[in-house]
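S.K.: Just one file: protein.txt, with compact mmCIF, C-alpha atoms and all ligand atoms.
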# COMPACT_ATOMS: atom_id res chain seq x y z
CA MET A 1273 30.47 10.42 -13.01
CA PRO A 1274 26.74 9.78 -12.50
CA GLU A 1275 26.87 6.22 -13.92
CA ASN A 1276 28.80 4.82 -11.02
CA LYS A 1277 27.01 5.76 -7.84
CA ILE A 1278 24.44 3.68 -5.99
CA VAL A 1279 22.57 4.80 -2.88
CA LEU A 1280 21.94 1.82 -0.61
CA ALA A 1281 19.35 1.87 2.18
CA PHE A 1282 21.53 0.68 5.03
CA SER A 1283 20.34 -0.75 8.33
CA GLY A 1284 23.69 -2.06 9.49
CA GLY A 1285 22.55 -5.69 9.62
CA LEU A 1286 24.27 -8.62 7.92
CA ASP A 1287 22.37 -8.32 4.64
CA THR A 1288 23.03 -4.69 3.92
CA SER A 1289 26.62 -4.88 5.21
CA VAL A 1290 27.41 -7.64 2.73
CA ALA A 1291 25.49 -5.75 0.05
CA VAL A 1292 27.98 -2.87 0.16
CA SER A 1293 30.84 -5.01 -1.20
CA TRP A 1294 28.64 -7.06 -3.45
CA LEU A 1295 27.29 -3.95 -5.20
CA LYS A 1296 30.79 -2.52 -5.46
CA GLU A 1297 32.10 -5.69 -7.08
CA LYS A 1298 29.13 -6.36 -9.33
CA TYR A 1299 28.54 -2.82 -10.62
CA GLY A 1300 31.99 -1.32 -10.15
CA ALA A 1301 30.11 1.43 -8.38
CA GLU A 1302 30.75 3.81 -5.54
CA ILE A 1303 28.35 3.04 -2.69
CA VAL A 1304 26.66 5.78 -0.72
CA THR A 1305 24.74 4.35 2.20
CA LEU A 1306 21.64 6.00 3.59
CA THR A 1307 20.46 5.21 7.11
CA ILE A 1308 17.10 6.55 8.14
CA ASP A 1309 16.00 6.96 11.72
CA LEU A 1310 12.30 6.15 12.02
CA GLY A 1311 12.52 5.85 15.75
CA MET A 1312 14.87 3.20 17.03
CA VAL A 1313 18.21 3.77 15.44
CA ASP A 1314 21.67 4.81 16.59
CA LEU A 1315 22.54 6.79 13.49
CA GLU A 1316 26.16 7.47 14.35
CA ALA A 1317 27.01 3.84 15.16
CA ILE A 1318 25.48 2.66 11.90
CA ARG A 1319 27.22 5.41 9.96
CA GLN A 1320 30.58 4.26 11.30
CA ARG A 1321 29.77 0.70 10.40
CA ALA A 1322 28.85 1.67 6.84
CA LEU A 1323 32.24 3.27 6.39
CA ARG A 1324 33.95 0.23 7.89
CA VAL A 1325 32.27 -2.17 5.45
CA GLY A 1326 33.36 -0.04 2.52
CA ALA A 1327 30.87 2.74 1.81
CA ALA A 1328 32.39 5.78 0.08
CA LYS A 1329 29.99 8.02 1.94
CA ALA A 1330 27.46 7.36 4.69
CA LEU A 1331 24.40 9.59 4.85
CA THR A 1332 21.94 9.69 7.73
CA VAL A 1333 18.48 11.20 8.07
CA ASP A 1334 16.32 11.68 11.10
CA ALA A 1335 12.87 11.15 9.58
CA LYS A 1336 10.88 10.63 12.79
CA GLU A 1337 8.85 13.80 12.51
CA ALA A 1338 8.04 13.22 8.87
CA LEU A 1339 6.99 9.65 9.74
CA VAL A 1340 4.51 10.87 12.32
CA LYS A 1341 3.14 13.84 10.43
CA ASP A 1342 2.94 12.44 6.92
CA PHE A 1343 2.26 8.76 7.55
CA LEU A 1344 1.34 7.67 11.09
CA PHE A 1345 -1.22 10.34 11.94
CA PRO A 1346 -2.94 10.18 8.55
CA ALA A 1347 -3.23 6.40 9.04
CA LEU A 1348 -4.53 6.92 12.59
CA ARG A 1349 -7.16 9.41 11.42
CA ALA A 1350 -8.15 6.91 8.74
CA GLY A 1351 -8.44 4.11 11.31
CA ALA A 1352 -6.14 2.00 9.13
CA VAL A 1353 -5.52 -1.43 10.67
CA TYR A 1354 -4.73 -4.32 8.32
CA GLU A 1355 -7.04 -7.31 8.70
CA GLU A 1356 -8.29 -5.77 11.94
CA GLN A 1357 -5.03 -6.59 13.68
CA TYR A 1358 -1.93 -4.93 12.30
CA PRO A 1359 -1.58 -1.13 12.63
CA LEU A 1360 0.86 -1.18 9.70
CA ALA A 1361 4.08 0.08 11.30
CA THR A 1362 6.46 -1.43 8.76
CA ALA A 1363 4.12 -0.73 5.86
CA LEU A 1364 3.88 2.97 6.76
CA GLY A 1365 7.66 3.32 7.06
CA ARG A 1366 8.43 2.00 3.58
CA PRO A 1367 7.06 4.84 1.44
CA LEU A 1368 9.01 7.30 3.59
CA ILE A 1369 12.19 5.25 3.16
CA ALA A 1370 11.55 5.34 -0.60
CA ARG A 1371 11.06 9.11 -0.43
CA CYS A 1372 14.37 9.56 1.39
CA LEU A 1373 16.13 7.22 -1.07
CA ALA A 1374 14.76 9.11 -4.06
CA GLU A 1375 15.86 12.44 -2.61
CA ALA A 1376 19.33 11.16 -1.76
CA ALA A 1377 19.80 9.55 -5.18
CA GLN A 1378 18.81 12.79 -6.89
CA ALA A 1379 21.08 14.87 -4.67
CA GLU A 1380 24.01 12.48 -5.19
CA GLY A 1381 23.46 12.02 -8.91
CA ALA A 1382 23.22 8.24 -8.44
CA PHE A 1383 21.93 6.05 -11.28
CA ALA A 1384 20.39 3.53 -8.87
CA VAL A 1385 19.18 2.89 -5.37
CA ALA A 1386 19.45 -0.47 -3.62
CA HIS A 1387 17.59 -2.09 -0.75
CA GLY A 1388 17.97 -5.24 1.31
CA CYS A 1389 14.50 -6.77 0.92
CA THR A 1390 14.06 -10.41 0.00
CA GLY A 1391 11.89 -11.56 -2.88
CA LYS A 1392 9.19 -13.03 -0.64
CA GLY A 1393 7.86 -10.07 1.25
CA ASN A 1394 5.74 -6.97 0.92
CA ASP A 1395 8.57 -4.55 1.57
CA GLN A 1396 10.22 -4.96 -1.85
CA VAL A 1397 6.89 -4.11 -3.47
CA ARG A 1398 6.31 -1.06 -1.27
CA LEU A 1399 9.78 0.36 -1.90
CA GLU A 1400 9.86 -0.28 -5.62
CA VAL A 1401 6.33 0.85 -6.38
CA SER A 1402 6.99 4.01 -4.35
CA MET A 1403 10.23 4.60 -6.26
CA ALA A 1404 8.34 4.15 -9.52
CA ALA A 1405 5.99 6.94 -8.46
CA LEU A 1406 8.66 9.30 -7.12
CA ALA A 1407 11.72 8.77 -9.30
CA PRO A 1408 10.85 6.55 -12.27
CA ASP A 1409 14.21 7.13 -13.96
CA ILE A 1410 16.25 5.74 -11.12
CA LYS A 1411 17.01 2.03 -11.27
CA VAL A 1412 16.25 -0.12 -8.24
CA ILE A 1413 18.62 -2.95 -7.33
CA ALA A 1414 17.68 -5.64 -4.82
CA PRO A 1415 20.91 -7.50 -4.03
CA ILE A 1416 19.43 -9.95 -1.52
CA ARG A 1417 16.78 -10.95 -4.03
CA ASP A 1418 19.35 -11.22 -6.86
CA TRP A 1419 22.30 -12.96 -5.33
CA GLY A 1420 20.65 -16.11 -3.99
CA MET A 1421 22.94 -16.36 -0.95
CA SER A 1422 21.82 -18.10 2.21
CA ARG A 1423 22.61 -16.55 5.55
CA GLN A 1424 25.62 -18.85 5.87
CA ASP A 1425 26.82 -17.85 2.38
CA GLU A 1426 26.63 -14.23 3.47
CA ILE A 1427 28.70 -14.92 6.57
CA ASP A 1428 31.31 -16.78 4.48
CA TYR A 1429 31.34 -13.99 1.91
CA ALA A 1430 31.90 -11.45 4.66
CA LYS A 1431 34.68 -13.53 6.23
CA GLU A 1432 36.50 -13.93 2.91
CA ARG A 1433 36.56 -10.17 2.55
CA ASP A 1434 37.33 -9.42 6.16
CA LEU A 1435 34.15 -7.45 6.66
CA PRO A 1436 33.58 -6.56 10.29
CA ILE A 1437 30.20 -8.14 10.91
CA SER A 1438 28.70 -9.78 13.94
CA ALA A 1439 27.08 -13.10 13.09
CA SER A 1440 25.27 -13.13 16.39
CA ASP A 1441 22.12 -11.59 14.92
CA SER A 1442 18.86 -12.43 16.62
CA ARG A 1443 17.05 -15.56 15.49
CA PHE A 1444 14.11 -13.46 14.34
CA SER A 1445 13.79 -11.00 11.52
CA VAL A 1446 12.85 -7.70 13.08
CA ASP A 1447 11.78 -4.36 11.69
CA GLU A 1448 10.91 -1.46 13.93
CA ASN A 1449 9.85 2.14 13.92
CA LEU A 1450 7.88 4.42 16.25
CA TRP A 1451 4.59 2.77 15.36
CA GLY A 1452 5.65 -0.75 16.17
CA ARG A 1453 7.98 -3.69 16.05
CA SER A 1454 7.44 -6.48 13.51
CA VAL A 1455 8.93 -9.88 14.24
CA GLU A 1456 9.00 -12.92 11.98
CA ALA A 1457 10.95 -16.10 11.12
CA GLY A 1458 12.56 -18.64 13.45
CA GLU A 1459 10.07 -20.71 15.44
CA LEU A 1460 7.37 -18.12 14.78
CA GLU A 1461 6.98 -19.85 11.42
CA ASP A 1462 5.00 -22.58 13.19
CA PRO A 1463 1.62 -20.90 13.76
CA TRP A 1464 0.71 -23.53 16.36
CA LEU A 1465 3.56 -22.58 18.69
CA GLU A 1466 3.06 -19.87 21.26
CA PRO A 1467 5.60 -17.12 20.61
CA PRO A 1468 8.56 -17.38 23.00
CA GLU A 1469 8.94 -14.52 25.45
CA GLU A 1470 12.19 -13.49 23.69
CA ALA A 1471 10.16 -12.44 20.65
CA TYR A 1472 8.87 -9.52 22.72
CA VAL A 1473 10.97 -6.53 23.66
CA TRP A 1474 8.66 -3.54 23.99
CA THR A 1475 5.93 -5.19 26.04
CA LYS A 1476 6.06 -6.77 29.49
CA PRO A 1477 4.75 -10.29 30.07
CA LEU A 1478 1.49 -10.26 32.00
CA ALA A 1479 3.10 -11.53 35.21
CA ALA A 1480 5.48 -8.56 35.27
CA THR A 1481 2.84 -5.88 34.76
CA PRO A 1482 1.75 -3.62 37.62
CA ASP A 1483 -1.25 -4.61 39.72
CA GLU A 1484 -2.48 -1.02 39.71
CA PRO A 1485 -3.99 0.40 36.52
CA THR A 1486 -2.80 3.61 34.91
CA TYR A 1487 -5.45 6.08 33.79
CA LEU A 1488 -4.67 8.68 31.21
CA VAL A 1489 -6.44 11.28 29.12
CA VAL A 1490 -5.55 11.65 25.46
CA HIS A 1491 -6.51 14.90 23.79
CA PHE A 1492 -7.27 14.92 20.07
CA GLN A 1493 -7.40 17.88 17.74
CA GLN A 1494 -9.19 17.12 14.47
CA GLY A 1495 -8.35 13.46 14.75
CA ALA A 1496 -4.68 13.75 15.78
CA PRO A 1497 -3.44 13.35 19.36
CA THR A 1498 -1.83 16.50 20.74
CA ALA A 1499 -1.67 16.12 24.52
CA ILE A 1500 -1.63 13.56 27.30
CA ASP A 1501 -3.03 14.39 30.73
CA GLY A 1502 -3.25 18.02 29.71
CA GLU A 1503 0.38 18.23 28.68
CA GLU A 1504 0.90 19.21 25.05
CA MET A 1505 3.32 16.91 23.30
CA ALA A 1506 4.85 16.77 19.84
CA GLY A 1507 3.78 13.67 17.92
CA VAL A 1508 7.10 11.83 18.21
CA ASP A 1509 7.30 12.38 21.99
CA LEU A 1510 3.69 11.44 22.49
CA ILE A 1511 4.13 8.13 20.70
CA VAL A 1512 7.40 7.33 22.51
CA HIS A 1513 5.73 8.15 25.83
CA LEU A 1514 2.72 5.93 25.11
CA ASN A 1515 4.86 3.05 23.86
CA GLY A 1516 6.68 3.04 27.19
CA LEU A 1517 3.60 3.44 29.32
CA ALA A 1518 1.32 0.97 27.56
CA GLY A 1519 4.15 -1.48 26.85
CA GLY A 1520 4.84 -1.51 30.60
CA HIS A 1521 1.29 -2.76 31.12
CA GLY A 1522 1.82 -5.51 28.52
CA ILE A 1523 -0.41 -3.78 25.99
CA GLY A 1524 0.30 -4.04 22.28
CA ARG A 1525 1.07 -7.67 21.51
CA VAL A 1526 -0.44 -8.94 18.28
CA ASP A 1527 -0.13 -12.48 16.91
CA HIS A 1528 -1.35 -12.36 13.34
CA VAL A 1529 -1.51 -14.87 10.49
CA GLU A 1530 -1.70 -12.41 7.64
CA ASN A 1531 -2.23 -12.44 3.91
CA ARG A 1532 0.79 -11.04 2.15
CA LEU A 1533 0.54 -9.26 -1.16
CA VAL A 1534 2.73 -11.90 -2.82
CA GLY A 1535 0.12 -14.53 -2.06
CA ILE A 1536 1.56 -16.30 0.96
CA LYS A 1537 0.21 -16.40 4.48
CA SER A 1538 2.70 -15.53 7.15
CA ARG A 1539 2.68 -15.54 10.90
CA GLU A 1540 3.85 -12.26 12.35
CA ILE A 1541 4.25 -10.96 15.84
CA TYR A 1542 3.80 -7.26 16.42
CA GLU A 1543 4.40 -5.02 19.38
CA THR A 1544 2.54 -1.83 18.91
CA PRO A 1545 1.47 -0.30 22.25
CA ALA A 1546 0.99 3.35 21.30
CA ALA A 1547 -0.89 2.49 18.12
CA ILE A 1548 -3.29 0.20 20.01
CA VAL A 1549 -4.07 2.90 22.59
CA LEU A 1550 -4.39 5.70 20.04
CA HIS A 1551 -6.61 3.73 17.66
CA ALA A 1552 -8.92 2.75 20.52
CA ALA A 1553 -9.11 6.31 21.84
CA HIS A 1554 -9.59 7.83 18.40
CA LYS A 1555 -12.40 5.43 17.60
CA ALA A 1556 -14.12 6.30 20.86
CA LEU A 1557 -13.99 9.99 20.04
CA GLU A 1558 -15.41 9.35 16.59
CA ALA A 1559 -18.30 7.50 18.20
CA LEU A 1560 -19.29 10.84 19.78
CA THR A 1561 -18.63 13.07 16.82
CA LEU A 1562 -19.50 11.21 13.61
CA SER A 1563 -23.02 10.52 12.44
CA LYS A 1564 -24.06 6.91 11.97
CA GLU A 1565 -23.64 7.18 8.19
CA GLN A 1566 -20.24 8.83 8.46
CA ALA A 1567 -19.06 6.16 10.87
CA ARG A 1568 -20.26 3.29 8.67
CA THR A 1569 -18.80 4.71 5.47
CA LYS A 1570 -15.58 5.60 7.20
CA ALA A 1571 -15.18 2.01 8.43
CA ARG A 1572 -15.25 0.83 4.81
CA VAL A 1573 -12.79 3.53 3.80
CA ALA A 1574 -10.54 2.46 6.68
CA GLN A 1575 -10.32 -1.04 5.28
CA GLU A 1576 -9.55 0.23 1.78
CA TYR A 1577 -6.98 2.63 3.19
CA ALA A 1578 -5.29 -0.15 5.16
CA ASP A 1579 -5.13 -2.32 2.03
CA MET A 1580 -3.60 0.52 0.03
CA VAL A 1581 -0.92 1.04 2.68
CA TYR A 1582 -0.24 -2.67 3.09
CA ASN A 1583 -0.06 -3.22 -0.65
CA GLY A 1584 2.49 -0.49 -1.29
CA LEU A 1585 0.16 1.98 -2.96
CA TRP A 1586 0.84 5.02 -0.78
CA PHE A 1587 1.92 7.36 -3.57
CA THR A 1588 -1.26 7.07 -5.60
CA ALA A 1589 -4.14 9.35 -6.44
CA HIS A 1590 -6.54 6.86 -4.86
CA ARG A 1591 -4.81 7.07 -1.48
CA GLN A 1592 -4.83 10.86 -1.72
CA ASP A 1593 -8.55 10.81 -2.48
CA LEU A 1594 -9.21 8.59 0.51
CA ASP A 1595 -7.17 10.99 2.64
CA ALA A 1596 -9.26 13.93 1.46
CA TYR A 1597 -12.38 12.10 2.59
CA VAL A 1598 -10.81 11.14 5.91
CA ARG A 1599 -9.65 14.72 6.53
CA SER A 1600 -13.14 15.98 5.98
CA THR A 1601 -14.56 13.49 8.50
CA GLN A 1602 -12.12 14.72 11.15
CA ARG A 1603 -13.31 18.36 11.34
CA TYR A 1604 -15.06 17.79 14.67
CA VAL A 1605 -12.99 14.92 16.04
CA THR A 1606 -11.67 17.11 18.82
CA GLY A 1607 -11.93 16.21 22.47
CA ASP A 1608 -10.64 14.00 25.27
CA VAL A 1609 -10.66 10.27 25.80
CA ARG A 1610 -9.90 8.63 29.11
CA VAL A 1611 -8.32 5.18 28.94
CA ARG A 1612 -7.35 2.62 31.53
CA LEU A 1613 -4.19 0.59 31.00
CA HIS A 1614 -4.18 -2.59 33.01
CA LYS A 1615 -3.00 -6.19 32.59
CA ALA A 1616 -2.41 -6.13 28.82
CA THR A 1617 -5.71 -4.39 28.12
CA CYS A 1618 -6.44 -0.85 27.07
CA THR A 1619 -10.02 0.11 27.91
CA VAL A 1620 -11.76 3.34 27.03
CA VAL A 1621 -13.61 4.49 30.16
CA GLY A 1622 -14.65 8.04 29.26
CA ARG A 1623 -14.94 10.45 26.37
CA THR A 1624 -15.98 14.05 25.79
CA ALA A 1625 -15.99 16.23 22.67
CA THR A 1626 -16.42 19.93 22.00
CA ASN A 1627 -18.96 19.31 19.24
CA SER A 1628 -20.39 16.04 20.50
CA LEU A 1629 -23.48 14.58 18.84
CA TYR A 1630 -24.28 12.83 22.10
CA GLN A 1631 -26.89 15.02 23.76
CA TYR A 1632 -27.66 14.30 27.37
CA ASP A 1633 -31.16 15.77 27.29
CA LEU A 1634 -32.07 13.50 24.38
CA ALA A 1635 -30.49 10.36 25.82
CA THR A 1636 -31.54 10.65 29.46
CA TYR A 1637 -34.33 8.71 31.13
CA GLY A 1638 -34.38 11.35 33.85
CA ARG A 1639 -36.49 14.50 34.33
CA GLU A 1640 -34.40 16.57 31.92
CA ASP A 1641 -35.68 14.47 29.01
CA THR A 1642 -36.52 16.61 25.95
CA PHE A 1643 -37.12 13.72 23.54
CA ASP A 1644 -40.70 13.86 22.26
CA GLN A 1645 -41.91 10.39 23.20
CA ALA A 1646 -45.41 10.99 21.87
CA ALA A 1647 -43.95 11.56 18.39
CA ALA A 1648 -42.51 8.03 18.47
CA GLU A 1649 -45.96 6.56 17.79
CA GLY A 1650 -46.34 8.35 14.45
CA PHE A 1651 -42.74 7.55 13.56
CA ILE A 1652 -43.27 3.84 14.15
CA SER A 1653 -46.48 3.85 12.15
CA ILE A 1654 -44.76 5.29 9.07
CA TYR A 1655 -41.52 3.38 9.59
CA GLY A 1656 -43.42 0.08 9.86
CA LEU A 1657 -45.67 0.81 6.89
CA PRO A 1658 -43.80 -1.27 4.28
CA VAL A 1659 -43.51 -4.13 6.76
CA ARG A 1660 -47.28 -4.13 7.40
CA THR A 1661 -48.03 -3.81 3.71
CA GLN A 1662 -45.85 -6.71 2.70
CA SER A 1663 -46.90 -9.04 5.48
CA GLN A 1664 -50.56 -8.52 4.48
CA ALA A 1665 -50.07 -8.77 0.72
CA GLN A 1666 -47.59 -11.66 0.92
CA PRO A 1667 -48.48 -13.62 4.07
CA GLU A 1668 -46.00 -16.46 3.42
N1 LIG B 1 4.52 -8.49 7.52
C1 LIG B 1 4.69 -7.12 7.90
C2 LIG B 1 4.44 -6.23 6.73
O1 LIG B 1 4.44 -6.69 5.63
C3 LIG B 1 6.02 -6.86 8.54
C4 LIG B 1 7.23 -7.04 7.71
C5 LIG B 1 8.41 -6.94 8.57
N2 LIG B 1 9.62 -6.93 7.85
C6 LIG B 1 10.74 -7.52 8.31
N3 LIG B 1 11.79 -7.39 7.60
N4 LIG B 1 10.75 -8.22 9.40
O2 LIG B 1 4.21 -5.06 6.90
Represent the supplied structure as C-alpha cells.
M.R.:
Amino acid sequence: MPENKIVLAFSGGLDTSVAVSWLKEKYGAEIVTLTIDLGMVDLEAIRQRALRVGAAKALTVDAKEALVKDFLFPALRAGAVYEEQYPLATALGRPLIARCLAEAAQAEGAFAVAHGCTGKGNDQVRLEVSMAALAPDIKVIAPIRDWGMSRQDEIDYAKERDLPISASDSRFSVDENLWGRSVEAGELEDPWLEPPEEAYVWTKPLAATPDEPTYLVVHFQQGAPTAIDGEEMAGVDLIVHLNGLAGGHGIGRVDHVENRLVGIKSREIYETPAAIVLHAAHKALEALTLSKEQARTKARVAQEYADMVYNGLWFTAHRQDLDAYVRSTQRYVTGDVRVRLHKATCTVVGRTATNSLYQYDLATYGREDTFDQAAAEGFISIYGLPVRTQSQAQPE
C-alpha cells in the first residue's frame, strides 16, 4: 500500500534513530531507512542499527563517486567558496542526498521522505527545495523540526521504548563528507573562544606537524584534478589521499562566523584539507590560462555559484547556466601545479600549462625579449589621452 511507507534519511545518530519510532507511531507507517555514504560512513554498521531501532527495511547507497563527479568537481571548477572561507562540503552533499531520497521513494512507492534536520539550519532548506525540484509530489516530513523534543527528551523517549542508542554522542554537531567536516554547537557557540583541540579530527595541531615540508604536483585536466605526482587517480581516491596528506600538515582548518540563509549568524569550524589544496592549485592554474577579463568575470560567477549552493538552489536553471559558463572557461585549464605543504600552510610554488598565456619571451627582461618597447610610447600617448584632455579642460 503506497500510503504507508516513508523513506527516512538515516545517519544512525540519536535524532534519526528516535525518528524511526516516532514516524511509525505518528503516521502508522512502515519506515524504510536510507543511509548514504558520501565518504565517511560504515554502511553495514548503520544498516544493522536501522533494523535494530525498528526500520522495516534498511537501504544503503555508496554515492561517493557521484558526489565527486556531479557536485565537488563542478564546484571546484567554479571556484565556489562561501564567504571566501567555506568550501561548501555539507552544502554540496545535500542536493545529492535529496536525489538519492527521491529515487528511493519512487522505487519504494513511498508517499513521503523524512530527514533529521532542525528548523534553524540551512540543511532543511537545501533538502526540501531540492525535493521540490526533483519529486514535487512526494511529501517531506521533518520530525526533529516538528516534535519539539530536546536532546534529553529524545534520550528519555528512546529509553521508554528500549531503543538501543548510545547517549555518549560528541558534544559537537558534526557533518562530514569527502570535501570536509563541519563542526558546530557546544562551546563553539561562543565566537570569542578558541576552538578546543577536540573539535578537530582530520587535521593535526601545528606542534604535531612534520618539520619537513611535503611537495606535490597536482595535474588538472580541463579544471578537474586527475593525477598527483604523475600518478593518475580517480576523484574519490585523489581527495582521500590529499585529505590525509594535507591534514597531516595541519592544513584545512577554518573558523568561520557565517551568514545562514535563515538569517542567523553562526560560528562554524571546518576541516577541509583537500578542498583548500585543490582550490589553491586550481586558481593558480587559471592565473596562467584565463585572460584578465575571464578571470575577473569568473570571480564574480564564483561568488554567485557559492551562494546558489549554500542557499539550496542546486537544482535550478540558474545554477545550470552558471555551470555552462564555468565549463566553457575550463577548456584550457590543463596543466600542473606544484604546492608545498608545511606547518598548516599550503603554498603554490610552481605552475605550468599546455596552453599557457604566460609567454616567457614577452615577460622576460633578458636578451630573449620580443616585447616591442618602442611601441609603448605610442600606446601611452593614446591611453593617456582622456586623462590629458580632462586635466586641461577641468583643472580642478
Ligand atoms: N553551516 C554549514 C552549512 O550550512 C554546515 C552545516 C553542518 N551541519 C551539521 N548538521 N552540523 O553548510
S.K.: Which is closer to ligand LIG 1 (chain B) than all the others in A:Gly1311, A:Pro1346, A:Pro1477, A:Gly1393, using only C-alpha atoms and all ligand atoms?
M.R.: A:Gly1393
S.K.: Considering all atoms listed in the file, return as a VMD selection string whatever protein or nucleic-acid residues lie within 10 Å of Tyr1487 in chain A, sequence-local ones (same chain, fewer than 4 positions apart) excluded.
M.R.: chain A and resid 1501 1610 to 1614 1618 to 1621
S.K.: Mind giving me the axis-aligned box for ligand LIG 1 (chain B) with 6 Å on every side, centre plus edges in Å to one decimal, as JSON?
M.R.:
{"center_x": 8.0, "center_y": -6.8, "center_z": 7.5, "size_x": 19.6, "size_y": 15.4, "size_z": 15.8}
S.K.: Set the cut-off to 7 Å, count only C-alpha atoms and all ligand atoms, and list whatever residues fall near ligand LIG 1 (chain B) as a PyMOL selection string.
M.R.: chain A and resi 1360-1363+1393-1395+1445-1447+1454-1456+1532+1540+1582
S.K.: Go through range 1499-1571 of chain A residue by residue and, counting all atoms listed in the file, keep those with an atom at most 12 Å from range 1316-1340 of chain A; for each kept residue give the shortest atom pair and its distance in Å to one decimal, ordered by chain and increasing number, as a Markdown table.
M.R.:
| residue | atom | partner | partner_atom | distance |
| --- | --- | --- | --- | --- |
| A:Ala1506 | CA | A:Glu1337 | CA | 8.9 |
| A:Gly1507 | CA | A:Val1340 | CA | 6.3 |
| A:Val1508 | CA | A:Glu1337 | CA | 6.3 |
| A:Asp1509 | CA | A:Glu1337 | CA | 9.7 |
| A:Leu1510 | CA | A:Val1340 | CA | 10.2 |
| A:Ile1511 | CA | A:Val1340 | CA | 8.8 |
| A:Val1512 | CA | A:Lys1336 | CA | 10.8 |
| A:Ala1547 | CA | A:Val1340 | CA | 11.5 |
S.K.: Give me the residues near Glu1576 in chain A as a PDB file with C-alpha atoms, in the frame of the given file, where near means some atom within 12 Å (using all atoms listed in the file) and where sequence neighbours in that chain fewer than 3 positions away do not count.
M.R.:
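Wrote result29.pdb, looks like this:
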ATOM      1  CA  ALA A1347      -3.230   6.400   9.040  1.00  0.00           C
ATOM      2  CA  ALA A1350      -8.150   6.910   8.740  1.00  0.00           C
ATOM      3  CA  GLY A1351      -8.440   4.110  11.310  1.00  0.00           C
ATOM      4  CA  ALA A1352      -6.140   2.000   9.130  1.00  0.00           C
ATOM      5  CA  VAL A1353      -5.520  -1.430  10.670  1.00  0.00           C
ATOM      6  CA  TYR A1354      -4.730  -4.320   8.320  1.00  0.00           C
ATOM      7  CA  GLU A1355      -7.040  -7.310   8.700  1.00  0.00           C
ATOM      8  CA  GLU A1356      -8.290  -5.770  11.940  1.00  0.00           C
ATOM      9  CA  THR A1569     -18.800   4.710   5.470  1.00  0.00           C
ATOM     10  CA  LYS A1570     -15.580   5.600   7.200  1.00  0.00           C
ATOM     11  CA  ALA A1571     -15.180   2.010   8.430  1.00  0.00           C
ATOM     12  CA  ARG A1572     -15.250   0.830   4.810  1.00  0.00           C
ATOM     13  CA  VAL A1573     -12.790   3.530   3.800  1.00  0.00           C
ATOM     14  CA  ASP A1579      -5.130  -2.320   2.030  1.00  0.00           C
ATOM     15  CA  MET A1580      -3.600   0.520   0.030  1.00  0.00           C
ATOM     16  CA  VAL A1581      -0.920   1.040   2.680  1.00  0.00           C
ATOM     17  CA  TYR A1582      -0.240  -2.670   3.090  1.00  0.00           C
ATOM     18  CA  ASN A1583      -0.060  -3.220  -0.650  1.00  0.00           C
ATOM     19  CA  LEU A1585       0.160   1.980  -2.960  1.00  0.00           C
ATOM     20  CA  TRP A1586       0.840   5.020  -0.780  1.00  0.00           C
ATOM     21  CA  HIS A1590      -6.540   6.860  -4.860  1.00  0.00           C
ATOM     22  CA  ARG A1591      -4.810   7.070  -1.480  1.00  0.00           C
ATOM     23  CA  ASP A1593      -8.550  10.810  -2.480  1.00  0.00           C
ATOM     24  CA  LEU A1594      -9.210   8.590   0.510  1.00  0.00           C
ATOM     25  CA  ASP A1595      -7.170  10.990   2.640  1.00  0.00           C
ATOM     26  CA  VAL A1598     -10.810  11.140   5.910  1.00  0.00           C
TER      27      VAL A1598
END
S.K.: With all atoms listed in the file as the atoms that count, which of A:Val1313, A:Ile1416, A:Leu1514, A:Val1489 lies nearest to Val1549 in chain A?
M.R.: A:Leu1514
S.K.: Under the rule of at most 10 Å, produce a per-residue listing of range 1493-1589 of chain A near range 1625-1643 of chain A: chain, number, name, the closest pair of atoms, and the distance in Å, as JSON lines, using all atoms listed in the file.
M.R.:
{"residue": "A:Leu1557", "atom": "CA", "partner": "A:Ala1625", "partner_atom": "CA", "distance": 7.1}
{"residue": "A:Glu1558", "atom": "CA", "partner": "A:Ala1625", "partner_atom": "CA", "distance": 9.2}
{"residue": "A:Ala1559", "atom": "CA", "partner": "A:Leu1629", "partner_atom": "CA", "distance": 8.8}
{"residue": "A:Leu1560", "atom": "CA", "partner": "A:Ser1628", "partner_atom": "CA", "distance": 5.4}
{"residue": "A:Thr1561", "atom": "CA", "partner": "A:Ser1628", "partner_atom": "CA", "distance": 5.0}
{"residue": "A:Leu1562", "atom": "CA", "partner": "A:Leu1629", "partner_atom": "CA", "distance": 7.4}
{"residue": "A:Ser1563", "atom": "CA", "partner": "A:Leu1629", "partner_atom": "CA", "distance": 7.6}
S.K.: Take CA of Arg1443 in chain A and CA of Ala1480 in chain A and report the distance between them in Å, one decimal.
M.R.: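 The value is 24.0 Å.
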S.K.: In Å, how far is it from CA of Gly1584 in chain A to CA of Ala1376 in chain A?
M.R.: 20.5 Å
S.K.: If you count all atoms listed in the file, which residues fall within 12 Å of Gln1357 in chain A, apart from same-chain ones fewer than 6 positions away, as a list of chain:residue names?
M.R.: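 Result of the neighbour search: A:Gly1351, A:Gly1524, A:Arg1525, A:Val1526, A:Asp1527, A:His1528, A:Val1529, A:Glu1530, A:Asn1531, A:Glu1540, A:Ile1541, A:Tyr1542, A:Glu1543, A:Thr1544, A:Ala1547, A:Ile1548, A:His1551, A:Gln1575, A:Ala1578.
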S.K.: Between A:Arg1349, A:Thr1305, A:Ile1437, A:Glu1565, single out the one closest to Ala1596 in chain A, counting only C-alpha atoms.
M.R.: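 When distances to Ala1596 in chain A are compared using only C-alpha atoms, the smallest one comes from A:Arg1349.
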S.K.: Just how far from CA of Val1412 in chain A is CA of Glu1400 in chain A, in Å to one decimal?
M.R.: 6.9 Å
S.K.: Leaving out Cys1372 in chain A and any residue of its chain fewer than 3 positions from it, which residues lie within 9 Å of it when counting only C-alpha atoms, given as a list in words?
M.R.: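 Residues meeting the cut-off are Leu1306, Ile1308, Val1333, Ala1335, Pro1367, Leu1368, Ile1369, Glu1375, Ala1376 and Ala1377 of chain A.
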S.K.: Would you list the contacts of Gly1495 in chain A as a list in words, taking every protein, DNA or RNA residue within 7 Å and counting all atoms listed in the file, but skipping same-chain residues closer than 3 positions in sequence?
M.R.: Arg1349, Phe1492, His1554, Gln1602, Val1605 and Thr1606 of chain A
S.K.: With only C-alpha atoms as the basis for distance, which of A:Val1397, A:Leu1465, A:Ala1556, A:Ala1386 is at the shortest distance from Leu1533 in chain A?
M.R.: A:Val1397
